[in-house]
>>> print(open('model-v5.cif').read())   # mmCIF, C-alpha atoms (C1' of nucleotides)
data_final
#
loop_
_atom_site.label_atom_id
_atom_site.label_comp_id
_atom_site.auth_asym_id
_atom_site.auth_seq_id
_atom_site.Cartn_x
_atom_site.Cartn_y
_atom_site.Cartn_z
CA MET A 6 92.36 86.13 158.30
CA ALA A 7 89.06 86.02 160.13
CA THR A 8 88.58 83.36 162.79
CA PRO A 9 86.38 80.67 161.21
CA THR A 10 82.84 80.70 162.60
CA PRO A 11 82.08 77.45 164.45
CA THR A 12 79.80 75.25 162.36
CA ARG A 13 76.13 75.48 163.34
CA LYS A 14 74.13 72.98 161.36
CA ARG A 15 70.67 74.28 162.34
CA GLY A 16 71.69 77.88 162.85
CA HIS A 17 70.56 78.31 166.45
CA ASP A 18 72.30 80.97 168.47
CA PRO A 19 71.36 82.38 171.89
CA GLU A 20 69.36 85.10 170.14
CA SER A 21 67.17 82.83 168.02
CA VAL A 22 66.70 80.48 170.97
CA LEU A 23 65.54 83.44 173.08
CA SER A 24 63.13 84.77 170.51
CA ILE A 25 61.55 81.37 169.82
CA ALA A 26 61.42 80.54 173.54
CA VAL A 27 59.63 83.79 174.36
CA GLY A 28 57.05 82.98 171.70
CA VAL A 29 56.34 79.64 173.35
CA PHE A 30 56.33 81.19 176.85
CA ASN A 31 53.66 83.62 175.72
CA GLU A 32 51.59 80.86 174.13
CA ARG A 33 51.61 78.38 177.02
CA GLY A 34 52.77 80.51 179.93
CA TYR A 35 56.27 80.32 181.39
CA ASP A 36 55.39 77.66 183.96
CA GLY A 37 53.28 75.77 181.44
CA THR A 38 56.27 75.52 179.08
CA SER A 39 58.62 72.58 179.51
CA MET A 40 62.11 72.42 178.10
CA GLU A 41 60.72 69.64 175.92
CA ASP A 42 58.18 72.14 174.50
CA LEU A 43 61.01 74.52 173.68
CA ALA A 44 63.04 71.73 172.10
CA ARG A 45 60.14 70.86 169.81
CA ALA A 46 59.72 74.50 168.78
CA LEU A 47 63.46 74.74 168.06
CA GLY A 48 63.66 71.43 166.24
CA VAL A 49 66.34 70.04 168.55
CA THR A 50 66.42 67.78 171.60
CA LYS A 51 65.72 69.10 175.06
CA SER A 52 69.31 68.67 176.14
CA ALA A 53 70.64 70.56 173.14
CA ILE A 54 69.07 73.77 174.45
CA TYR A 55 71.57 73.75 177.30
CA TYR A 56 74.31 74.04 174.72
CA HIS A 57 73.01 77.50 173.83
CA VAL A 58 71.64 78.90 177.09
CA PRO A 59 72.30 78.14 180.76
CA GLY A 60 68.69 77.24 181.51
CA LYS A 61 65.02 78.10 181.48
CA GLU A 62 65.17 80.88 184.07
CA GLN A 63 68.04 82.61 182.24
CA LEU A 64 65.87 82.75 179.13
CA LEU A 65 63.19 84.44 181.21
CA ALA A 66 65.67 86.89 182.75
CA ARG A 67 67.05 87.94 179.37
CA ALA A 68 63.56 88.36 177.94
CA LEU A 69 62.39 90.51 180.85
CA ASP A 70 65.48 92.72 180.55
CA ARG A 71 64.62 93.45 176.91
CA ALA A 72 61.26 94.83 177.97
CA LEU A 73 62.51 96.75 181.00
CA ASP A 74 65.55 98.22 179.25
CA GLY A 75 63.25 99.71 176.62
CA LEU A 76 60.99 101.30 179.22
CA PHE A 77 63.87 102.71 181.26
CA ALA A 78 65.59 104.15 178.20
CA MET A 79 62.41 106.15 177.68
CA VAL A 80 62.32 107.30 181.29
CA ALA A 81 65.89 108.59 180.91
CA ASP A 82 64.84 110.61 177.85
CA GLU A 83 61.78 112.00 179.60
CA ARG A 84 63.75 113.15 182.62
CA ALA A 85 65.70 115.47 180.31
CA ALA A 86 62.48 116.96 178.89
CA SER A 87 60.53 120.05 179.93
CA GLY A 88 57.11 121.52 179.16
CA PRO A 89 53.60 121.07 180.59
CA ALA A 90 53.14 117.82 182.54
CA ILE A 91 50.14 116.75 180.46
CA ASP A 92 52.18 117.02 177.25
CA ARG A 93 54.99 115.01 178.78
CA LEU A 94 52.41 112.44 179.95
CA GLU A 95 51.01 112.22 176.43
CA TRP A 96 54.54 111.71 175.08
CA VAL A 97 55.20 108.95 177.62
CA VAL A 98 51.96 107.17 176.74
CA ARG A 99 52.86 107.38 173.05
CA GLN A 100 56.36 106.02 173.65
CA SER A 101 55.01 103.26 175.90
CA VAL A 102 52.68 102.09 173.15
CA ARG A 103 55.57 102.19 170.69
CA ILE A 104 57.85 100.15 172.97
CA LEU A 105 55.07 97.70 173.80
CA ILE A 106 54.55 96.97 170.10
CA ASP A 107 58.24 97.18 169.22
CA ARG A 108 59.12 94.61 171.87
CA LEU A 109 55.70 92.94 172.04
CA PRO A 110 56.72 89.39 173.05
CA TYR A 111 59.09 90.66 175.74
CA VAL A 112 56.66 93.18 177.21
CA THR A 113 53.85 90.62 177.08
CA LEU A 114 55.96 88.24 179.12
CA LEU A 115 56.83 91.01 181.58
CA LEU A 116 53.18 91.87 182.12
CA ARG A 117 52.44 88.28 183.15
CA VAL A 118 55.19 87.97 185.73
CA ARG A 119 53.85 87.23 189.25
CA GLY A 120 57.04 86.93 191.31
CA ASN A 121 57.37 83.12 191.42
CA SER A 122 61.19 83.27 191.44
CA VAL A 123 64.02 85.65 192.26
CA THR A 124 64.23 86.52 188.56
CA GLU A 125 60.55 87.42 188.49
CA GLN A 126 60.76 89.37 191.75
CA ALA A 127 63.65 91.43 190.39
CA ALA A 128 61.64 92.20 187.25
CA LEU A 129 58.61 93.17 189.35
CA GLU A 130 60.80 95.50 191.37
CA ARG A 131 62.07 97.30 188.23
CA ARG A 132 58.51 97.46 186.94
CA ARG A 133 57.31 99.07 190.15
CA GLU A 134 60.06 101.65 189.74
CA PHE A 135 58.77 102.46 186.27
CA ASP A 136 55.21 102.71 187.55
CA GLY A 137 56.40 105.09 190.28
CA PHE A 138 57.89 107.34 187.64
CA ILE A 139 54.58 107.45 185.75
CA GLY A 140 52.75 108.11 188.99
CA HIS A 141 54.87 111.23 189.59
CA LEU A 142 54.16 112.51 186.12
CA VAL A 143 50.40 112.13 186.58
CA LYS A 144 50.64 113.86 189.94
CA ASP A 145 52.45 116.77 188.30
CA ALA A 146 49.70 117.03 185.69
CA ALA A 147 47.07 117.02 188.43
CA ALA A 148 48.96 119.64 190.45
CA ASP A 149 49.19 122.11 187.57
CA GLY A 150 45.49 121.66 186.80
CA SER A 151 45.86 120.19 183.32
CA ILE A 152 43.97 116.99 184.13
CA ARG A 153 40.57 116.80 185.79
CA PRO A 154 40.76 117.28 189.56
CA ASP A 155 37.94 114.88 190.48
CA VAL A 156 39.87 111.62 190.08
CA ASP A 157 42.72 110.45 192.29
CA PRO A 158 46.06 110.69 190.40
CA ALA A 159 47.16 107.26 191.66
CA LEU A 160 43.98 105.77 190.25
CA VAL A 161 44.43 107.62 186.95
CA THR A 162 47.94 106.17 186.69
CA ARG A 163 46.68 102.63 187.14
CA LEU A 164 43.75 102.99 184.76
CA LEU A 165 45.73 104.81 182.06
CA PHE A 166 48.57 102.30 182.01
CA GLY A 167 46.10 99.47 182.44
CA THR A 168 44.70 100.58 179.10
CA VAL A 169 48.16 100.80 177.52
CA ASN A 170 49.24 97.40 178.86
CA SER A 171 45.99 95.74 177.79
CA ILE A 172 47.13 96.17 174.18
CA ALA A 173 49.50 93.25 174.75
CA GLU A 174 46.46 91.00 175.27
CA TRP A 175 45.25 91.22 171.69
CA TYR A 176 47.65 93.12 169.40
CA GLN A 177 48.78 91.18 166.33
CA PRO A 178 51.66 92.83 164.45
CA ALA A 179 50.64 91.29 161.12
CA ARG A 180 47.17 92.77 160.83
CA GLY A 181 47.14 95.44 163.53
CA ALA A 182 47.04 99.21 163.40
CA SER A 183 50.34 101.07 163.46
CA PRO A 184 51.72 102.08 166.88
CA GLU A 185 50.95 105.70 166.01
CA ASP A 186 47.30 105.05 165.08
CA LEU A 187 46.87 102.91 168.16
CA ALA A 188 48.35 105.56 170.44
CA ASP A 189 46.13 108.17 168.76
CA ALA A 190 42.99 106.14 169.45
CA LEU A 191 44.05 105.40 173.03
CA LEU A 192 44.79 109.07 173.73
CA LYS A 193 41.52 110.19 172.15
CA MET A 194 39.62 107.88 174.49
CA THR A 195 41.56 108.53 177.69
CA PHE A 196 42.43 112.22 177.27
CA ASN A 197 39.36 113.53 175.42
CA GLY A 198 36.73 110.85 176.09
CA LEU A 199 34.58 108.60 173.92
CA ARG A 200 31.50 110.81 174.08
CA ALA A 201 30.77 112.61 170.85
CA ALA A 202 31.13 116.38 171.28
CA PRO A 203 27.66 117.85 171.82
CA LEU A 204 26.43 119.78 168.78
CA ASP A 205 25.51 123.28 169.84
CA MET B 6 15.02 64.69 215.70
CA ALA B 7 17.41 66.36 213.31
CA THR B 8 19.85 64.15 211.45
CA PRO B 9 23.21 64.74 213.08
CA THR B 10 25.59 66.71 210.89
CA PRO B 11 28.60 64.61 209.94
CA THR B 12 31.64 65.67 211.88
CA ARG B 13 34.06 67.84 209.87
CA LYS B 14 37.16 68.33 211.94
CA ARG B 15 38.89 70.71 209.52
CA GLY B 16 35.74 72.00 207.86
CA HIS B 17 36.77 71.56 204.23
CA ASP B 18 34.02 71.28 201.64
CA PRO B 19 34.22 71.61 197.85
CA GLU B 20 33.44 75.33 198.22
CA SER B 21 36.25 76.19 200.64
CA VAL B 22 38.68 74.05 198.64
CA LEU B 23 37.74 75.97 195.49
CA SER B 24 38.08 79.38 197.07
CA ILE B 25 41.46 78.62 198.65
CA ALA B 26 42.72 76.94 195.47
CA VAL B 27 41.80 79.94 193.32
CA GLY B 28 43.73 82.17 195.70
CA VAL B 29 46.83 80.04 195.20
CA PHE B 30 46.30 79.81 191.43
CA ASN B 31 46.26 83.59 191.24
CA GLU B 32 49.37 83.90 193.36
CA ARG B 33 51.54 81.36 191.56
CA GLY B 34 49.69 80.84 188.29
CA TYR B 35 47.63 77.73 187.52
CA ASP B 36 50.51 75.83 185.94
CA GLY B 37 52.91 77.01 188.62
CA THR B 38 50.67 75.54 191.33
CA SER B 39 51.17 71.89 192.30
CA MET B 40 48.63 69.83 194.21
CA GLU B 41 51.21 69.87 196.97
CA ASP B 42 51.01 73.70 197.02
CA LEU B 43 47.24 73.46 197.34
CA ALA B 44 47.54 70.84 200.07
CA ARG B 45 49.83 73.12 202.05
CA ALA B 46 47.41 76.03 201.71
CA LEU B 47 44.51 73.82 202.85
CA GLY B 48 46.40 72.29 205.75
CA VAL B 49 45.79 68.72 204.57
CA THR B 50 47.74 66.19 202.58
CA LYS B 51 47.75 66.26 198.82
CA SER B 52 45.68 63.07 198.65
CA ALA B 53 42.95 64.50 200.82
CA ILE B 54 42.14 67.08 198.15
CA TYR B 55 40.88 64.28 195.92
CA TYR B 56 38.26 63.41 198.49
CA HIS B 57 36.67 66.82 197.90
CA VAL B 58 37.25 67.49 194.21
CA PRO B 59 37.97 65.26 191.19
CA GLY B 60 41.24 66.98 190.33
CA LYS B 61 43.17 70.10 189.55
CA GLU B 62 41.54 70.83 186.19
CA GLN B 63 38.03 70.53 187.68
CA LEU B 64 38.97 73.22 190.19
CA LEU B 65 39.95 75.45 187.28
CA ALA B 66 36.76 74.67 185.36
CA ARG B 67 34.54 75.50 188.36
CA ALA B 68 36.43 78.72 189.02
CA LEU B 69 36.17 79.89 185.42
CA ASP B 70 32.43 79.15 185.40
CA ARG B 71 31.95 81.44 188.40
CA ALA B 72 33.43 84.32 186.45
CA LEU B 73 31.68 83.58 183.16
CA ASP B 74 28.28 82.91 184.74
CA GLY B 75 28.39 86.35 186.33
CA LEU B 76 29.21 88.06 183.06
CA PHE B 77 26.54 86.16 181.11
CA ALA B 78 23.86 86.87 183.72
CA MET B 79 24.56 90.54 183.07
CA VAL B 80 24.34 90.08 179.30
CA ALA B 81 20.93 88.47 179.75
CA ASP B 82 19.74 91.47 181.75
CA GLU B 83 21.10 93.93 179.22
CA ARG B 84 19.39 92.20 176.30
CA ALA B 85 16.07 93.01 177.97
CA ALA B 86 16.98 96.70 178.31
CA SER B 87 16.28 99.63 176.03
CA GLY B 88 17.45 103.23 175.74
CA PRO B 89 20.37 104.97 174.02
CA ALA B 90 23.28 102.65 173.25
CA ILE B 91 25.79 104.85 175.08
CA ASP B 92 23.72 104.63 178.28
CA ARG B 93 23.49 100.87 177.95
CA LEU B 94 27.25 100.75 177.35
CA GLU B 95 27.82 102.80 180.48
CA TRP B 96 25.59 100.43 182.43
CA VAL B 97 27.49 97.39 181.11
CA VAL B 98 30.85 98.93 182.04
CA ARG B 99 29.53 99.67 185.52
CA GLN B 100 28.19 96.14 185.96
CA SER B 101 31.42 94.65 184.59
CA VAL B 102 33.43 96.53 187.20
CA ARG B 103 31.00 95.35 189.87
CA ILE B 104 31.23 91.70 188.78
CA LEU B 105 35.02 91.90 188.43
CA ILE B 106 35.32 93.07 192.03
CA ASP B 107 32.51 90.88 193.33
CA ARG B 108 34.15 87.78 191.88
CA LEU B 109 37.69 89.14 191.78
CA PRO B 110 39.66 85.89 192.19
CA TYR B 111 37.54 84.07 189.61
CA VAL B 112 37.64 86.85 187.03
CA THR B 113 41.38 87.32 187.61
CA LEU B 114 41.93 83.65 186.84
CA LEU B 115 39.74 83.90 183.72
CA LEU B 116 41.71 86.84 182.40
CA ARG B 117 44.94 84.81 182.57
CA VAL B 118 43.65 81.78 180.69
CA ARG B 119 45.62 81.08 177.48
CA GLY B 120 43.96 77.91 176.15
CA ASN B 121 46.44 75.31 177.43
CA SER B 122 43.74 72.66 177.93
CA VAL B 123 40.22 71.82 176.77
CA THR B 124 38.90 73.48 179.93
CA GLU B 125 40.79 76.68 179.13
CA GLN B 126 39.74 76.61 175.47
CA ALA B 127 36.09 76.30 176.45
CA ALA B 128 36.45 79.26 178.79
CA LEU B 129 38.16 81.32 176.06
CA GLU B 130 35.30 80.49 173.71
CA ARG B 131 32.69 81.75 176.21
CA ARG B 132 34.81 84.82 176.81
CA ARG B 133 34.99 85.59 173.11
CA GLU B 134 31.19 85.35 173.02
CA PHE B 135 30.97 87.94 175.79
CA ASP B 136 33.43 90.21 173.97
CA GLY B 137 31.34 89.88 170.83
CA PHE B 138 28.31 91.11 172.74
CA ILE B 139 30.20 94.17 173.97
CA GLY B 140 31.46 94.78 170.44
CA HIS B 141 27.91 94.98 169.16
CA LEU B 142 26.94 97.44 171.85
CA VAL B 143 29.85 99.74 171.00
CA LYS B 144 28.94 99.50 167.32
CA ASP B 145 25.38 100.55 168.14
CA ALA B 146 26.68 103.55 170.07
CA ALA B 147 28.91 104.49 167.13
CA ALA B 148 26.03 104.06 164.66
CA ASP B 149 23.68 106.38 166.55
CA GLY B 150 26.42 109.01 166.86
CA SER B 151 26.69 109.01 170.64
CA ILE B 152 30.39 108.14 170.67
CA ARG B 153 33.09 109.91 168.68
CA PRO B 154 33.18 108.80 165.05
CA ASP B 155 36.94 109.02 164.58
CA VAL B 156 37.90 105.79 166.36
CA ASP B 157 37.13 102.28 165.11
CA PRO B 158 34.41 100.67 167.29
CA ALA B 159 36.30 97.36 167.44
CA LEU B 160 39.32 99.21 168.78
CA VAL B 161 37.20 101.12 171.30
CA THR B 162 35.79 97.81 172.53
CA ARG B 163 39.25 96.39 173.13
CA LEU B 164 40.64 99.51 174.78
CA LEU B 165 37.58 100.12 176.97
CA PHE B 166 37.43 96.57 178.29
CA GLY B 167 41.19 96.47 178.46
CA THR B 168 40.85 99.28 180.98
CA VAL B 169 38.10 97.46 182.90
CA ASN B 170 39.99 94.17 182.98
CA SER B 171 43.23 95.82 184.04
CA ILE B 172 41.61 96.50 187.42
CA ALA B 173 42.15 92.82 188.24
CA GLU B 174 45.91 93.43 188.06
CA TRP B 175 46.04 95.65 191.12
CA TYR B 176 42.70 95.89 192.97
CA GLN B 177 42.85 94.93 196.64
CA PRO B 178 39.42 94.52 198.27
CA ALA B 179 40.72 95.43 201.72
CA ARG B 180 42.01 98.90 201.01
CA GLY B 181 40.52 99.65 197.59
CA ALA B 182 37.88 102.08 196.40
CA SER B 183 34.29 100.83 196.21
CA PRO B 184 33.16 99.32 192.90
CA GLU B 185 30.96 102.39 192.36
CA ASP B 186 33.78 104.89 192.90
CA LEU B 187 36.07 102.86 190.70
CA ALA B 188 33.50 102.65 187.90
CA ASP B 189 32.90 106.41 188.24
CA ALA B 190 36.60 107.15 187.81
CA LEU B 191 36.95 104.75 184.90
CA LEU B 192 33.93 106.22 183.13
CA LYS B 193 35.12 109.77 183.73
CA MET B 194 38.41 108.93 182.05
CA THR B 195 37.11 106.86 179.15
CA PHE B 196 33.81 108.64 178.43
CA ASN B 197 34.69 112.26 179.25
CA GLY B 198 38.50 112.27 179.14
CA LEU B 199 41.25 113.17 181.58
CA ARG B 200 41.81 116.67 180.23
CA ALA B 201 40.55 119.39 182.54
CA ALA B 202 37.68 121.32 180.93
CA PRO B 203 39.10 124.53 179.44
CA LEU B 204 38.12 127.61 181.44
CA ASP B 205 36.38 130.08 179.11
"C1'" DC C 19 28.40 50.43 206.38
"C1'" DC C 20 29.73 56.02 206.60
"C1'" DT C 21 32.85 60.60 206.43
"C1'" DA C 22 37.15 62.35 206.44
"C1'" DC C 23 41.19 61.73 205.83
"C1'" DC C 24 46.65 59.55 205.94
"C1'" DG C 25 51.17 57.33 204.49
"C1'" DA C 26 52.93 55.43 200.67
"C1'" DT C 27 53.42 54.80 196.11
"C1'" DC C 28 51.71 54.45 191.06
"C1'" DG C 29 53.47 55.50 186.00
"C1'" DG C 30 55.50 59.55 183.76
"C1'" DT C 31 57.90 63.80 183.25
"C1'" DA C 32 60.25 67.99 185.04
"C1'" DG C 33 64.88 70.70 184.65
"C1'" DG C 34 69.51 69.75 184.35
"C1'" DC D 28 74.46 69.27 169.52
"C1'" DC D 29 72.68 63.75 170.89
"C1'" DT D 30 72.18 59.56 173.98
"C1'" DA D 31 71.76 58.24 178.21
"C1'" DC D 32 70.67 59.28 182.33
"C1'" DC D 33 70.08 61.66 187.55
"C1'" DG D 34 67.35 63.42 191.81
"C1'" DA D 35 62.93 65.34 192.53
"C1'" DT D 36 58.65 66.12 191.84
"C1'" DC D 37 54.35 66.01 188.92
"C1'" DG D 38 48.96 64.89 189.19
"C1'" DG D 39 46.50 61.25 190.75
"C1'" DT D 40 45.22 56.65 193.29
"C1'" DA D 41 45.95 52.35 196.16
"C1'" DG D 42 44.52 50.05 200.77
"C1'" DG D 43 43.27 50.88 205.51
#
>>> encode(input="model-v5.cif", output="structure tokens")
Amino acid sequence: MATPTPTRKRGHDPESVLSIAVGVFNERGYDGTSMEDLARALGVTKSAIYYHVPGKEQLLARALDRALDGLFAMVADERAASGPAIDRLEWVVRQSVRILIDRLPYVTLLLRVRGNSVTEQAALERRREFDGFIGHLVKDAAADGSIRPDVDPALVTRLLFGTVNSIAEWYQPARGASPEDLADALLKMTFNGLRAAPLD
Amino acid sequence: MATPTPTRKRGHDPESVLSIAVGVFNERGYDGTSMEDLARALGVTKSAIYYHVPGKEQLLARALDRALDGLFAMVADERAASGPAIDRLEWVVRQSVRILIDRLPYVTLLLRVRGNSVTEQAALERRREFDGFIGHLVKDAAADGSIRPDVDPALVTRLLFGTVNSIAEWYQPARGASPEDLADALLKMTFNGLRAAPLD
DNA sequence: CCTACCGATCGGTAGG
DNA sequence: CCTACCGATCGGTAGG
């Protein structure tokens, strides 16, 4: 016989609480969101939230891990890859766009973290590690001559992933382009340039 | 005889309060900043702040106006200009980078606004107006065939200014590139592409 | 009367 | 999960 599931009248579990909470965090900002705001969004009282999760900062920590775990899983895959650096860079950009859209609310939250708490500082530290990995890849592409030599690789890294990350500012899953189309457009602009090819 | 200047022992005026406050807002987030935080940064008591400014939200409103006024002054200039759309777009990108760096703390704050108050909603509305202006310019460049036809102009607008705005995430005036060098690098990437020209 | 604040506290709300 | 609360702190204001 299966153990009977404890009765949950409204059906809230840690997972649904997290996903709704992250939505509210992204709407009002983490600091701008009170536990009362979350309670309203969940349809329960403020205190009831503490039945499901240990507290506000734990919700943030779990959300940030979702984003970072996705990015680091990709890094692990890339480390096993070979081929020209610019192709690997293109693959990483494509995967980053995919993860950003796949885990949009979590990545959005991550991109807004400023280090106001230990939880945020830990997330920033992992994010810096990810950025360092990208930086190496761009440097490799510069060293083998596959990207233009007249721009500093560190600057390219920042600008390129600034473009990727900016997608989180406006992307709406319901009526947006597919991750693939979006990555195509982004790579056309950043790798080949917006200028129409001269007709000769 | 000159009227004697009123004694200001600590030298705080609305301007210095604003500039210090915006620094703290950007560090901790607007909602994450208490008047007590501001007081500490100013070296006065919390109450003393109200002698200089009407309140926290007024500080935000004034800061956001600094950013938006700069951007709209540029729009006014551009409306008087002529020439190929792609050249005007390049000019606008260059000026946007200049303004972003010139007014870095104010633009940074603007880019983080989510509409949590009437003040923030008004700023978002002005920002959307600016974005609409850029959108038109990109559309003009697409219509006259000076930018590649295989990417949606609305998407180009978002990605291009996503790249520009992302500068606010990391730029440090002290040890950063000049606005001109930064705009050069950004335009090289987005207009001409990162790929090294093939040797033929 | 003024400028430039301070110490204390207002009514409400925060996370827990 | 709710009712009933807490220690503390929130943005803002009182008199001097």
>>> resolve_selection(input="model-v5.cif", expression="the PyMOL selection byres ((chain C and resi 33) around 8)", output="list in words")
Met40 of chain A; DA32 and DG34 of chain C
>>> residues_near_point(input="model-v5.cif", point="(47.0, 58.0, 208.2)", cutoff="12 Å", atoms="all atoms listed in the file", output="list in words")
Val49, Thr50, Ser52 and Ala53 of chain B; DA22, DC23, DC24, DG25 and DA26 of chain C; DG42 and DG43 of chain D
>>> interface_residues(input="model-v5.cif", of="chain B", to="chain A", cutoff="10 Å", atoms="all atoms listed in the file", output="PyMOL selection string")
chain B and resi 31-38+91+116-122+146-147+150-157+160-161+163-176+182+186-187+189-203
>>> resolve_selection(input="model-v5.cif", expression="the PyMOL selection byres ((chain B) within 10 of (chain D))", output="list in words")
Ser39, Met40, Glu41, Lys51, Ser52, Tyr55, Pro59, Gly60, Lys61 and Glu62 of chain B
>>> atom_distance(input="model-v5.cif", atom1="CA of Arg45 in chain B", atom2="CA of Ala127 in chain A")
25.7 Å
>>> atom_distance(input="model-v5.cif", atom1="CA of Ser183 in chain A", atom2="CA of Arg93 in chain A")
21.2 Å
>>> atom_distance(input="model-v5.cif", atom1="CA of Val112 in chain B", atom2="CA of Arg180 in chain A")
28.5 Å
>>> resolve_selection(input="model-v5.cif", expression="the PyMOL selection byres ((chain A and resi 23) around 10)", output="ChimeraX atom specification")
/A:17-22,24-29,57-58,61,63-65,67-68
>>> build_atoms(input="model-v5.cif", residues="range 56-62 of chain B", atoms="all heavy atoms", output="tab-separated table (two decimals), keeping the file's coordinate frame")
chain	number	residue	atom	x	y	z
B	56	TYR	N	39.52	63.79	197.83
B	56	TYR	CA	38.26	63.41	198.49
B	56	TYR	C	37.19	64.47	198.19
B	56	TYR	O	36.02	64.17	198.07
B	56	TYR	CB	38.49	63.29	199.99
B	56	TYR	CG	37.22	63.00	200.74
B	56	TYR	CD1	36.70	61.71	200.77
B	56	TYR	CD2	36.53	64.02	201.39
B	56	TYR	CE1	35.51	61.44	201.44
B	56	TYR	CE2	35.35	63.76	202.06
B	56	TYR	CZ	34.84	62.47	202.08
B	56	TYR	OH	33.68	62.21	202.73
B	57	HIS	N	37.60	65.70	198.06
B	57	HIS	CA	36.67	66.82	197.90
B	57	HIS	C	36.38	67.17	196.45
B	57	HIS	O	35.27	67.54	196.10
B	57	HIS	CB	37.21	68.07	198.60
B	57	HIS	CG	37.38	67.90	200.08
B	57	HIS	ND1	36.32	67.75	200.92
B	57	HIS	CD2	38.48	67.85	200.85
B	57	HIS	CE1	36.75	67.62	202.17
B	57	HIS	NE2	38.07	67.68	202.15
B	58	VAL	N	37.41	67.12	195.61
B	58	VAL	CA	37.25	67.49	194.21
B	58	VAL	C	37.94	66.47	193.31
B	58	VAL	O	38.89	65.82	193.74
B	58	VAL	CB	37.84	68.89	193.93
B	58	VAL	CG1	36.98	69.97	194.54
B	58	VAL	CG2	39.26	68.99	194.43
B	59	PRO	N	37.44	66.31	192.06
B	59	PRO	CA	37.97	65.26	191.19
B	59	PRO	C	39.40	65.50	190.73
B	59	PRO	O	40.06	64.55	190.33
B	59	PRO	CB	37.03	65.29	189.98
B	59	PRO	CG	35.84	66.08	190.40
B	59	PRO	CD	36.32	67.03	191.47
B	60	GLY	N	39.87	66.74	190.78
B	60	GLY	CA	41.24	66.98	190.33
B	60	GLY	C	41.50	68.44	190.10
B	60	GLY	O	40.64	69.30	190.28
B	61	LYS	N	42.72	68.72	189.70
B	61	LYS	CA	43.17	70.10	189.55
B	61	LYS	C	42.39	70.85	188.46
B	61	LYS	O	41.97	71.99	188.65
B	61	LYS	CB	44.67	70.07	189.20
B	61	LYS	CG	45.39	71.40	189.33
B	61	LYS	CD	46.84	71.25	188.83
B	61	LYS	CE	47.54	72.59	188.79
B	61	LYS	NZ	48.86	72.52	188.10
B	62	GLU	N	42.19	70.17	187.33
B	62	GLU	CA	41.54	70.83	186.19
B	62	GLU	C	40.07	71.13	186.48
B	62	GLU	O	39.53	72.13	186.00
B	62	GLU	CB	41.69	69.98	184.93
B	62	GLU	CG	41.40	70.77	183.66
B	62	GLU	CD	41.86	70.05	182.39
B	62	GLU	OE1	42.63	69.08	182.50
B	62	GLU	OE2	41.43	70.49	181.31
